[in-house]
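For reference, model.txt is printed below; it contains compact mmCIF, N, CA and C atoms.
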# COMPACT_ATOMS: atom_id res chain seq x y z
N MET A 1 7.25 47.50 -85.61
CA MET A 1 6.00 47.52 -84.88
C MET A 1 6.15 48.49 -83.71
N LYS A 2 5.15 49.31 -83.49
CA LYS A 2 5.18 50.30 -82.42
C LYS A 2 4.04 50.02 -81.44
N ARG A 3 4.31 50.21 -80.18
CA ARG A 3 3.26 50.11 -79.16
C ARG A 3 2.65 51.50 -79.02
N VAL A 4 1.36 51.57 -79.21
CA VAL A 4 0.66 52.85 -79.22
C VAL A 4 -0.34 52.90 -78.09
N LYS A 5 -0.43 54.03 -77.43
CA LYS A 5 -1.38 54.21 -76.33
C LYS A 5 -2.56 55.05 -76.84
N CYS A 6 -3.76 54.64 -76.50
CA CYS A 6 -4.95 55.37 -76.90
C CYS A 6 -5.78 55.68 -75.66
N LYS A 7 -6.17 56.93 -75.47
CA LYS A 7 -7.00 57.32 -74.34
C LYS A 7 -8.36 57.73 -74.88
N ILE A 8 -9.40 57.12 -74.33
CA ILE A 8 -10.76 57.42 -74.76
C ILE A 8 -11.50 58.03 -73.58
N THR A 9 -12.12 59.17 -73.80
CA THR A 9 -12.95 59.79 -72.77
C THR A 9 -14.38 59.76 -73.27
N TYR A 10 -15.27 59.24 -72.45
CA TYR A 10 -16.67 59.12 -72.83
C TYR A 10 -17.51 59.73 -71.71
N GLU A 11 -18.40 60.60 -72.09
CA GLU A 11 -19.25 61.25 -71.10
C GLU A 11 -20.69 61.16 -71.57
N THR A 12 -21.57 60.82 -70.66
CA THR A 12 -22.99 60.74 -71.00
C THR A 12 -23.82 61.34 -69.88
N VAL A 13 -24.97 61.84 -70.24
CA VAL A 13 -25.91 62.37 -69.27
C VAL A 13 -27.18 61.54 -69.38
N MET A 14 -27.71 61.13 -68.25
CA MET A 14 -28.92 60.31 -68.28
C MET A 14 -29.81 60.65 -67.12
N TRP A 15 -31.07 60.32 -67.26
CA TRP A 15 -32.04 60.52 -66.20
C TRP A 15 -32.16 59.23 -65.41
N MET A 16 -32.15 59.34 -64.08
CA MET A 16 -32.30 58.18 -63.21
C MET A 16 -33.23 58.55 -62.06
N THR A 17 -33.98 57.59 -61.61
CA THR A 17 -34.76 57.80 -60.39
C THR A 17 -33.79 57.79 -59.22
N ASP A 18 -34.24 58.22 -58.06
CA ASP A 18 -33.38 58.23 -56.89
C ASP A 18 -32.86 56.82 -56.57
N SER A 19 -33.73 55.82 -56.67
CA SER A 19 -33.31 54.45 -56.35
C SER A 19 -32.33 53.91 -57.38
N GLU A 20 -32.53 54.22 -58.67
CA GLU A 20 -31.58 53.80 -59.71
C GLU A 20 -30.22 54.44 -59.46
N TYR A 21 -30.24 55.74 -59.13
CA TYR A 21 -28.98 56.45 -58.87
C TYR A 21 -28.25 55.83 -57.68
N GLU A 22 -28.96 55.62 -56.59
CA GLU A 22 -28.34 55.06 -55.39
C GLU A 22 -27.75 53.68 -55.65
N ASP A 23 -28.47 52.84 -56.40
CA ASP A 23 -27.98 51.50 -56.72
C ASP A 23 -26.73 51.57 -57.59
N THR A 24 -26.77 52.40 -58.63
CA THR A 24 -25.62 52.54 -59.53
C THR A 24 -24.45 53.18 -58.81
N LYS A 25 -24.72 54.19 -57.97
CA LYS A 25 -23.65 54.86 -57.23
C LYS A 25 -22.95 53.89 -56.29
N GLU A 26 -23.73 53.02 -55.64
CA GLU A 26 -23.15 52.01 -54.75
C GLU A 26 -22.22 51.07 -55.53
N LYS A 27 -22.66 50.65 -56.70
CA LYS A 27 -21.83 49.77 -57.54
C LYS A 27 -20.59 50.50 -58.05
N ALA A 28 -20.75 51.78 -58.38
CA ALA A 28 -19.61 52.57 -58.85
C ALA A 28 -18.59 52.75 -57.73
N ASP A 29 -19.07 53.00 -56.52
CA ASP A 29 -18.17 53.20 -55.38
C ASP A 29 -17.37 51.96 -55.04
N THR A 30 -17.94 50.78 -55.27
CA THR A 30 -17.21 49.53 -54.98
C THR A 30 -16.33 49.09 -56.15
N GLY A 31 -16.41 49.80 -57.28
CA GLY A 31 -15.58 49.47 -58.42
C GLY A 31 -16.22 48.50 -59.41
N GLU A 32 -17.44 48.03 -59.13
CA GLU A 32 -18.09 47.07 -60.02
C GLU A 32 -18.36 47.64 -61.40
N VAL A 33 -18.79 48.90 -61.47
CA VAL A 33 -19.10 49.52 -62.77
C VAL A 33 -17.82 49.64 -63.60
N GLU A 34 -16.75 50.10 -62.99
CA GLU A 34 -15.48 50.25 -63.70
C GLU A 34 -14.98 48.90 -64.21
N LYS A 35 -15.09 47.85 -63.40
CA LYS A 35 -14.67 46.51 -63.82
C LYS A 35 -15.48 46.02 -65.01
N GLU A 36 -16.78 46.26 -64.98
CA GLU A 36 -17.64 45.83 -66.09
C GLU A 36 -17.31 46.57 -67.37
N ILE A 37 -17.07 47.87 -67.27
CA ILE A 37 -16.69 48.65 -68.46
C ILE A 37 -15.36 48.15 -69.02
N LYS A 38 -14.40 47.88 -68.14
CA LYS A 38 -13.10 47.37 -68.57
C LYS A 38 -13.25 46.02 -69.27
N LYS A 39 -14.10 45.17 -68.71
CA LYS A 39 -14.32 43.86 -69.31
C LYS A 39 -14.90 43.99 -70.72
N ILE A 40 -15.84 44.91 -70.88
CA ILE A 40 -16.44 45.14 -72.19
C ILE A 40 -15.39 45.66 -73.17
N LEU A 41 -14.59 46.63 -72.74
CA LEU A 41 -13.53 47.16 -73.60
C LEU A 41 -12.55 46.08 -74.02
N ASP A 42 -12.11 45.27 -73.05
CA ASP A 42 -11.16 44.20 -73.37
C ASP A 42 -11.75 43.22 -74.37
N PHE A 43 -12.99 42.85 -74.17
CA PHE A 43 -13.61 41.87 -75.05
C PHE A 43 -13.82 42.45 -76.45
N GLU A 44 -14.41 43.62 -76.53
CA GLU A 44 -14.75 44.21 -77.82
C GLU A 44 -13.54 44.71 -78.60
N LEU A 45 -12.65 45.41 -77.93
CA LEU A 45 -11.55 46.06 -78.63
C LEU A 45 -10.32 45.18 -78.81
N LEU A 46 -10.04 44.32 -77.84
CA LEU A 46 -8.80 43.57 -77.89
C LEU A 46 -9.00 42.12 -78.33
N ALA A 47 -10.03 41.48 -77.86
CA ALA A 47 -10.23 40.06 -78.15
C ALA A 47 -10.45 39.81 -79.63
N GLU A 48 -11.08 40.75 -80.31
CA GLU A 48 -11.33 40.58 -81.74
C GLU A 48 -10.03 40.44 -82.51
N ASP A 49 -8.99 41.14 -82.09
CA ASP A 49 -7.70 41.12 -82.77
C ASP A 49 -6.82 39.97 -82.30
N GLY A 50 -7.20 39.32 -81.23
CA GLY A 50 -6.35 38.28 -80.67
C GLY A 50 -5.19 38.84 -79.88
N ARG A 51 -5.24 40.11 -79.56
CA ARG A 51 -4.16 40.73 -78.79
C ARG A 51 -4.24 40.28 -77.35
N GLU A 52 -3.14 40.40 -76.66
CA GLU A 52 -3.11 39.98 -75.26
C GLU A 52 -3.04 41.15 -74.30
N GLU A 53 -2.84 42.34 -74.81
CA GLU A 53 -2.80 43.50 -73.93
C GLU A 53 -4.18 43.71 -73.31
N ARG A 54 -4.22 44.38 -72.23
CA ARG A 54 -5.48 44.69 -71.57
C ARG A 54 -5.61 46.20 -71.42
N SER A 55 -6.83 46.67 -71.52
CA SER A 55 -7.06 48.10 -71.38
C SER A 55 -6.90 48.50 -69.92
N LYS A 56 -6.64 49.76 -69.72
CA LYS A 56 -6.51 50.28 -68.36
C LYS A 56 -7.30 51.57 -68.29
N ILE A 57 -8.32 51.59 -67.45
CA ILE A 57 -9.10 52.80 -67.27
C ILE A 57 -8.28 53.72 -66.37
N THR A 58 -7.95 54.90 -66.88
CA THR A 58 -7.11 55.80 -66.10
C THR A 58 -7.93 56.84 -65.36
N GLU A 59 -9.19 56.97 -65.72
CA GLU A 59 -10.04 57.96 -65.09
C GLU A 59 -11.47 57.43 -65.08
N PHE A 60 -12.12 57.42 -63.93
CA PHE A 60 -13.51 56.97 -63.87
C PHE A 60 -14.25 57.81 -62.86
N TYR A 61 -15.43 58.30 -63.25
CA TYR A 61 -16.23 59.14 -62.36
C TYR A 61 -17.70 58.81 -62.57
N PHE A 62 -18.43 58.64 -61.49
CA PHE A 62 -19.88 58.52 -61.56
C PHE A 62 -20.45 59.36 -60.42
N GLY A 63 -21.23 60.34 -60.77
CA GLY A 63 -21.80 61.18 -59.73
C GLY A 63 -22.87 62.08 -60.28
N MET A 64 -23.57 62.73 -59.42
CA MET A 64 -24.68 63.59 -59.81
C MET A 64 -24.17 65.02 -59.89
N ASP A 65 -24.32 65.63 -61.07
CA ASP A 65 -23.91 67.02 -61.24
C ASP A 65 -25.04 67.98 -60.91
N GLU A 66 -26.26 67.57 -61.25
CA GLU A 66 -27.41 68.40 -60.97
C GLU A 66 -28.58 67.52 -60.56
N GLN A 67 -29.50 68.07 -59.87
CA GLN A 67 -30.67 67.30 -59.45
C GLN A 67 -31.92 68.06 -59.86
N TRP A 68 -32.85 67.34 -60.45
CA TRP A 68 -34.12 67.95 -60.86
C TRP A 68 -35.24 67.38 -60.04
Mind turning the file's structure into structure tokens?
Amino acid sequence: MKRVKCKITYETVMWMTDSEYEDTKEKADTGEVEKEIKKILDFELLAEDGREERSKITEFYFGMDEQW
């Protein structure tokens, strides 16, 4: 049996109003968004197999690249 590491990079572009962006940015800055994503990954990817390992997000970014 081998322990294997898998790194997943996911990038999405979406439209948000100023208030939606500010609310999400505030949650991202406090780490709430990252925790929620980690929880989803752990539940979906690991819990189904009965594994006990936990995922580790090694890179997380939320920010505005352009403004329209």
Put a box with edges along x, y and z around all the listed atoms of stretch 1-19 of chain A, pad it by 4 Å on each side, then give me its centre and sizes in Å, one decimal, as lines of an AutoDock Vina configuration file.
center_x = -13.8
center_y = 54.9
center_z = -71.0
size_x = 50.0
size_y = 22.9
size_z = 37.3
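Shortest separation to A:Glu11 among A:Tyr61, A:Thr24, A:Asp29, A:Ile40 occurs at residue A:Tyr61, atoms counted being only C-alpha atoms.
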Suppose you want the space between atom CA of A:Thr58 and atom CA of A:Ser19; what is it in Å?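 Computed distance, atom CA of A:Thr58 to atom CA of A:Ser19, equals 28.0 Å.
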Using only C-alpha atoms, can you tell me which of A:Met1, A:Ile57, A:Met64, A:Cys6 comes closest to A:Val33?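 Closest candidate: A:Ile57.
Our summary of the geometry notes that atom CA of A:Glu59 is positioned 12.6 Å from atom CA of A:Ala28.
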Between atom C of A:Asp18 and atom N of A:Leu41, what distance in Å does the model show, to one decimal? 26.4 Å
